[in-house]
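The file my_file-v7.cif contains mmCIF, C-alpha atoms:
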data_model
#
loop_
_atom_site.group_PDB
_atom_site.id
_atom_site.type_symbol
_atom_site.label_atom_id
_atom_site.label_comp_id
_atom_site.auth_asym_id
_atom_site.auth_seq_id
_atom_site.Cartn_x
_atom_site.Cartn_y
_atom_site.Cartn_z
ATOM 1 C CA MET T 17 220.937 93.600 16.662
ATOM 2 C CA LYS T 18 218.382 96.404 16.356
ATOM 3 C CA LEU T 19 217.080 94.854 13.174
ATOM 4 C CA VAL T 20 216.411 91.444 14.751
ATOM 5 C CA ALA T 21 214.885 92.963 17.897
ATOM 6 C CA GLY T 22 212.704 95.199 15.750
ATOM 7 C CA ILE T 23 211.421 92.305 13.668
ATOM 8 C CA ILE T 24 210.622 90.306 16.809
ATOM 9 C CA LEU T 25 208.779 93.287 18.335
ATOM 10 C CA ILE T 26 206.821 93.841 15.118
ATOM 11 C CA LEU T 27 205.725 90.198 15.013
ATOM 12 C CA PHE T 28 204.861 90.060 18.716
ATOM 13 C CA GLY T 29 203.098 93.436 18.682
ATOM 14 C CA GLY T 30 201.184 92.522 15.558
ATOM 15 C CA LEU T 31 199.998 89.284 17.114
ATOM 16 C CA VAL T 32 198.851 91.041 20.295
ATOM 17 C CA LEU T 33 197.171 93.748 18.193
ATOM 18 C CA LEU T 34 195.388 91.107 16.126
ATOM 19 C CA ILE T 35 194.132 89.264 19.210
ATOM 20 C CA GLY T 36 192.885 92.498 20.775
ATOM 21 C CA ALA T 37 191.175 93.535 17.556
ATOM 22 C CA VAL T 38 189.391 90.183 17.247
ATOM 23 C CA VAL T 39 188.143 90.455 20.836
ATOM 24 C CA CYS T 40 186.887 94.007 20.200
ATOM 25 C CA VAL T 41 185.099 93.098 16.970
ATOM 26 C CA THR T 42 183.532 90.016 18.533
ATOM 27 C CA THR T 43 182.361 91.998 21.544
ATOM 28 C CA LEU T 44 180.941 94.860 19.507
ATOM 29 C CA THR T 45 179.045 92.592 17.104
ATOM 30 C CA SER T 46 177.675 90.276 19.805
ATOM 31 C CA ASP T 47 174.016 90.443 20.810
ATOM 32 C CA TYR T 48 174.710 88.721 24.140
ATOM 33 C CA ALA T 49 173.737 91.697 26.323
ATOM 34 C CA SER T 50 171.184 93.288 24.015
ATOM 35 C CA SER T 51 169.113 90.118 23.704
ATOM 36 C CA GLU T 52 169.140 89.713 27.484
ATOM 37 C CA CYS T 53 167.963 93.311 27.942
ATOM 38 C CA GLU T 54 165.255 92.759 25.365
ATOM 39 C CA LYS T 55 164.038 89.713 27.296
ATOM 40 C CA ALA T 56 164.120 91.722 30.541
ATOM 41 C CA ALA T 57 162.016 94.480 28.969
ATOM 42 C CA ASN T 58 159.491 91.904 27.739
ATOM 43 C CA ASP T 59 159.385 90.163 31.129
ATOM 44 C CA ARG T 60 158.879 93.389 33.099
ATOM 45 C CA LYS T 61 155.105 93.184 32.497
ATOM 46 C CA ALA T 62 155.050 89.618 33.847
ATOM 47 C CA PHE T 63 156.888 90.765 36.981
ATOM 48 C CA ASP T 64 154.344 93.545 37.493
ATOM 49 C CA GLU T 65 151.441 91.121 37.030
ATOM 50 C CA ALA T 66 152.997 88.641 39.480
ATOM 51 C CA LYS T 67 153.459 91.373 42.052
ATOM 52 C CA ALA T 68 149.843 92.518 41.627
ATOM 53 C CA THR T 69 148.566 88.934 41.881
ATOM 54 C CA CYS T 70 150.745 87.686 44.730
ATOM 55 C CA GLY T 71 151.298 90.882 46.689
ATOM 56 C CA SER T 72 154.740 90.454 48.248
ATOM 57 C CA THR T 73 157.893 89.876 46.230
ATOM 58 C CA THR T 74 159.112 87.434 48.874
ATOM 59 C CA SER T 75 156.092 85.130 48.724
ATOM 60 C CA GLU T 76 156.214 81.657 47.246
ATOM 61 C CA CYS T 77 153.494 82.628 44.764
ATOM 62 C CA TYR T 78 155.670 85.444 43.371
ATOM 63 C CA LYS T 79 158.709 83.171 43.140
ATOM 64 C CA GLN T 80 156.708 80.559 41.218
ATOM 65 C CA ALA T 81 155.202 83.174 38.882
ATOM 66 C CA THR T 82 158.547 84.778 38.047
ATOM 67 C CA MET T 83 160.645 81.617 37.791
ATOM 68 C CA GLY T 84 162.560 81.577 34.507
ATOM 69 C CA LEU T 85 161.954 85.239 33.717
ATOM 70 C CA THR T 86 164.803 87.640 32.980
ATOM 71 C CA THR T 87 165.318 90.449 35.478
ATOM 72 C CA GLN T 88 166.757 93.903 34.934
ATOM 73 C CA GLU T 89 169.709 92.861 37.124
ATOM 74 C CA ASP T 90 170.487 90.084 34.616
ATOM 75 C CA CYS T 91 170.544 92.690 31.861
ATOM 76 C CA GLU T 92 172.862 94.991 33.816
ATOM 77 C CA SER T 93 175.135 92.078 34.685
ATOM 78 C CA LYS T 94 175.490 91.061 31.032
ATOM 79 C CA GLU T 95 176.153 94.672 29.990
ATOM 80 C CA ALA T 96 178.859 95.015 32.656
ATOM 81 C CA PHE T 97 180.441 91.752 31.480
ATOM 82 C CA MET T 98 180.502 92.943 27.868
ATOM 83 C CA ARG T 99 181.989 96.286 28.914
ATOM 84 C CA LYS T 100 184.790 94.486 30.768
ATOM 85 C CA GLN T 101 185.354 92.197 27.787
ATOM 86 C CA LEU T 102 185.627 95.211 25.487
ATOM 87 C CA ILE T 103 188.225 96.757 27.786
ATOM 88 C CA MET T 104 190.104 93.447 27.780
ATOM 89 C CA GLY T 105 190.226 93.723 23.993
ATOM 90 C CA ILE T 106 191.132 97.411 23.761
ATOM 91 C CA VAL T 107 194.091 97.200 26.156
ATOM 92 C CA PRO T 108 195.948 94.451 24.229
ATOM 93 C CA ALA T 109 195.171 96.140 20.920
ATOM 94 C CA VAL T 110 196.697 99.425 22.084
ATOM 95 C CA LEU T 111 199.693 97.730 23.701
ATOM 96 C CA GLY T 112 200.259 95.595 20.600
ATOM 97 C CA ALA T 113 200.158 98.677 18.386
ATOM 98 C CA LEU T 114 202.709 100.426 20.607
ATOM 99 C CA ILE T 115 205.014 97.407 20.659
ATOM 100 C CA ALA T 116 204.784 97.059 16.872
ATOM 101 C CA PHE T 117 205.492 100.779 16.470
ATOM 102 C CA VAL T 118 208.626 100.467 18.619
ATOM 103 C CA GLY T 119 209.631 97.481 16.488
ATOM 104 C CA ILE T 120 209.215 99.521 13.307
ATOM 105 C CA ILE T 121 211.374 102.283 14.774
ATOM 106 C CA LEU T 122 214.059 99.741 15.685
ATOM 107 C CA VAL T 123 213.986 98.236 12.193
ATOM 108 C CA ILE T 124 214.348 101.693 10.627
ATOM 109 C CA PHE T 125 217.306 102.542 12.875
ATOM 110 C CA GLY T 126 218.751 99.098 12.208
ATOM 111 C CA PHE T 127 218.705 99.713 8.460
ATOM 112 C CA LEU T 128 220.121 103.205 8.890
ATOM 113 C CA GLY T 129 222.950 101.820 11.042
ATOM 114 C CA ARG T 130 223.818 99.247 8.375
ATOM 115 C CA ARG T 131 223.781 101.853 5.663
ATOM 116 C CA LYS T 132 226.222 104.117 7.526
ATOM 117 C CA LYS T 133 228.611 101.196 8.077
ATOM 118 C CA ALA T 134 228.459 100.251 4.387
ATOM 119 C CA VAL T 135 229.161 103.821 3.230
ATOM 120 C CA ALA T 136 232.146 104.212 5.584
#

Output the structure of this file as structure tokens.
Amino acid sequence: MKLVAGIILILFGGLVLLIGAVVCVTTLTSDYASSECEKAANDRKAFDEAKATCGSTTSECYKQATMGLTTQEDCESKEAFMRKQLIMGIVPAVLGALIAFVGIILVIFGFLGRRKKAVA
């Protein structure tokens, strides 16, 4: 019984670990947030020029001049999203590793239990 349960836990834990690892690797190698922050840094000068030209940030002139530009808030929003996505990859990876470890322990004890019965 321990042997079968251990094998099932190893397979399930390994699958969850694999999914979590793929999410982590994808998140860490993505340029989703960094490209947005780069655009925001480039557009900061245009925001400053629009504010100098139009005066108020609530005027229609300012809204027209800054339409389509990337703000610093957009950058921070994308970074927060990527941070949450990374956490959503780390948690399953850790849980999957723990489940697989418990499965390995059960398999080991399952084999040891069989061996003792065979010797007796």

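Residues with any atom within 12 Å of Gly126 of chain T, counting only C-alpha atoms and excluding same-chain neighbours fewer than 6 positions away, are Met17, Lys18, Leu19, Val20, Ala21, Gly22, Ile23, Gly119, Ile120, Lys132 and Lys133 of chain T.
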
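Picked out by the PyMOL selection byres ((chain T and resi 111-113) around 9) when it runs on this file: Ile26, Phe28, Gly29, Gly30, Leu31, Val32, Leu33, Leu34, Ile35, Gly36, Ile106, Val107, Pro108, Ala109, Val110, Leu114, Ile115, Ala116, Phe117 and Val118 of chain T.
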
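The smallest atom-to-atom distance between Lys94 of chain T and any of T:Leu44, T:Ser51, T:Gly71, T:Ala37, using all atoms listed in the file, is found for T:Ser51.
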
With the PyMOL selection byres ((chain T and resi 80-85) around 7) as the selection, what would be picked from this file? Answer as a PDB file with C-alpha atoms, in the coordinates of the input, please.
ATOM      1  CA  ASP T  59     159.385  90.163  31.129  1.00  0.00           C
ATOM      2  CA  PHE T  63     156.888  90.765  36.981  1.00  0.00           C
ATOM      3  CA  ALA T  66     152.997  88.641  39.480  1.00  0.00           C
ATOM      4  CA  GLU T  76     156.214  81.657  47.246  1.00  0.00           C
ATOM      5  CA  CYS T  77     153.494  82.628  44.764  1.00  0.00           C
ATOM      6  CA  TYR T  78     155.670  85.444  43.371  1.00  0.00           C
ATOM      7  CA  LYS T  79     158.709  83.171  43.140  1.00  0.00           C
ATOM      8  CA  THR T  86     164.803  87.640  32.980  1.00  0.00           C
ATOM      9  CA  THR T  87     165.318  90.449  35.478  1.00  0.00           C
TER      10      THR T  87
END

(message) Please determine, counting all atoms listed in the file, which residue among T:Lys55, T:Val123, T:Glu65, T:Asp47 has the shortest atom-to-atom distance to Met98 of chain T.
(response) T:Asp47

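Across the structure, atom CA of Glu89 of chain T and atom CA of Thr73 of chain T are spaced 15.2 Å apart.
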
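Computed from the coordinates, the atom CA of Glu52 of chain T to atom CA of Asp90 of chain T distance equals 7.3 Å.
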
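You will find atom CA of Asn58 of chain T at 21.1 Å from atom CA of Ser72 of chain T.
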
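All residues of protein, DNA or RNA that reach within 8 Å of Cys53 of chain T, judged by only C-alpha atoms and not counting those fewer than 6 positions away in the chain, are Gln88, Asp90, Cys91 and Glu92 of chain T.
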
Filled-in N, CA and C atoms of segment 19-41 of chain T, supplied as a PDB file, in the coordinates of the input:
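Produced file part-v3.pdb, reproduced below:
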ATOM      1  N   LEU T  19     217.924  95.384  14.239  1.00  0.00           N
ATOM      2  CA  LEU T  19     217.080  94.854  13.174  1.00  0.00           C
ATOM      3  C   LEU T  19     216.325  93.608  13.638  1.00  0.00           C
ATOM      4  N   VAL T  20     217.031  92.687  14.276  1.00  0.00           N
ATOM      5  CA  VAL T  20     216.411  91.444  14.751  1.00  0.00           C
ATOM      6  C   VAL T  20     215.408  91.740  15.858  1.00  0.00           C
ATOM      7  N   ALA T  21     215.799  92.603  16.807  1.00  0.00           N
ATOM      8  CA  ALA T  21     214.885  92.963  17.897  1.00  0.00           C
ATOM      9  C   ALA T  21     213.647  93.659  17.346  1.00  0.00           C
ATOM     10  N   GLY T  22     213.841  94.510  16.358  1.00  0.00           N
ATOM     11  CA  GLY T  22     212.704  95.199  15.750  1.00  0.00           C
ATOM     12  C   GLY T  22     211.739  94.254  15.068  1.00  0.00           C
ATOM     13  N   ILE T  23     212.276  93.285  14.351  1.00  0.00           N
ATOM     14  CA  ILE T  23     211.421  92.305  13.668  1.00  0.00           C
ATOM     15  C   ILE T  23     210.643  91.475  14.689  1.00  0.00           C
ATOM     16  N   ILE T  24     211.304  91.078  15.765  1.00  0.00           N
ATOM     17  CA  ILE T  24     210.622  90.306  16.809  1.00  0.00           C
ATOM     18  C   ILE T  24     209.522  91.143  17.450  1.00  0.00           C
ATOM     19  N   LEU T  25     209.797  92.415  17.734  1.00  0.00           N
ATOM     20  CA  LEU T  25     208.779  93.287  18.335  1.00  0.00           C
ATOM     21  C   LEU T  25     207.604  93.522  17.375  1.00  0.00           C
ATOM     22  N   ILE T  26     207.902  93.661  16.095  1.00  0.00           N
ATOM     23  CA  ILE T  26     206.821  93.841  15.118  1.00  0.00           C
ATOM     24  C   ILE T  26     205.918  92.609  15.090  1.00  0.00           C
ATOM     25  N   LEU T  27     206.520  91.437  15.058  1.00  0.00           N
ATOM     26  CA  LEU T  27     205.725  90.198  15.013  1.00  0.00           C
ATOM     27  C   LEU T  27     204.909  90.016  16.292  1.00  0.00           C
ATOM     28  N   PHE T  28     205.555  90.220  17.444  1.00  0.00           N
ATOM     29  CA  PHE T  28     204.861  90.060  18.716  1.00  0.00           C
ATOM     30  C   PHE T  28     203.758  91.108  18.873  1.00  0.00           C
ATOM     31  N   GLY T  29     204.091  92.365  18.580  1.00  0.00           N
ATOM     32  CA  GLY T  29     203.098  93.436  18.682  1.00  0.00           C
ATOM     33  C   GLY T  29     201.946  93.241  17.727  1.00  0.00           C
ATOM     34  N   GLY T  30     202.249  92.786  16.521  1.00  0.00           N
ATOM     35  CA  GLY T  30     201.184  92.522  15.558  1.00  0.00           C
ATOM     36  C   GLY T  30     200.251  91.419  16.009  1.00  0.00           C
ATOM     37  N   LEU T  31     200.825  90.379  16.609  1.00  0.00           N
ATOM     38  CA  LEU T  31     199.998  89.284  17.114  1.00  0.00           C
ATOM     39  C   LEU T  31     199.090  89.757  18.246  1.00  0.00           C
ATOM     40  N   VAL T  32     199.652  90.525  19.177  1.00  0.00           N
ATOM     41  CA  VAL T  32     198.851  91.041  20.295  1.00  0.00           C
ATOM     42  C   VAL T  32     197.784  92.002  19.772  1.00  0.00           C
ATOM     43  N   LEU T  33     198.140  92.833  18.807  1.00  0.00           N
ATOM     44  CA  LEU T  33     197.171  93.748  18.193  1.00  0.00           C
ATOM     45  C   LEU T  33     196.053  92.976  17.515  1.00  0.00           C
ATOM     46  N   LEU T  34     196.386  91.924  16.810  1.00  0.00           N
ATOM     47  CA  LEU T  34     195.388  91.107  16.126  1.00  0.00           C
ATOM     48  C   LEU T  34     194.436  90.442  17.115  1.00  0.00           C
ATOM     49  N   ILE T  35     194.979  89.899  18.192  1.00  0.00           N
ATOM     50  CA  ILE T  35     194.132  89.264  19.210  1.00  0.00           C
ATOM     51  C   ILE T  35     193.194  90.287  19.833  1.00  0.00           C
ATOM     52  N   GLY T  36     193.717  91.444  20.194  1.00  0.00           N
ATOM     53  CA  GLY T  36     192.885  92.498  20.775  1.00  0.00           C
ATOM     54  C   GLY T  36     191.808  92.964  19.820  1.00  0.00           C
ATOM     55  N   ALA T  37     192.154  93.094  18.552  1.00  0.00           N
ATOM     56  CA  ALA T  37     191.175  93.535  17.556  1.00  0.00           C
ATOM     57  C   ALA T  37     190.060  92.507  17.375  1.00  0.00           C
ATOM     58  N   VAL T  38     190.411  91.235  17.380  1.00  0.00           N
ATOM     59  CA  VAL T  38     189.391  90.183  17.247  1.00  0.00           C
ATOM     60  C   VAL T  38     188.440  90.205  18.443  1.00  0.00           C
ATOM     61  N   VAL T  39     188.987  90.384  19.635  1.00  0.00           N
ATOM     62  CA  VAL T  39     188.143  90.455  20.836  1.00  0.00           C
ATOM     63  C   VAL T  39     187.211  91.663  20.750  1.00  0.00           C
ATOM     64  N   CYS T  40     187.718  92.806  20.313  1.00  0.00           N
ATOM     65  CA  CYS T  40     186.887  94.007  20.200  1.00  0.00           C
ATOM     66  C   CYS T  40     185.776  93.821  19.177  1.00  0.00           C
ATOM     67  N   VAL T  41     186.106  93.291  18.014  1.00  0.00           N
ATOM     68  CA  VAL T  41     185.099  93.098  16.970  1.00  0.00           C
ATOM     69  C   VAL T  41     184.045  92.093  17.425  1.00  0.00           C
TER      70      VAL T  41
END
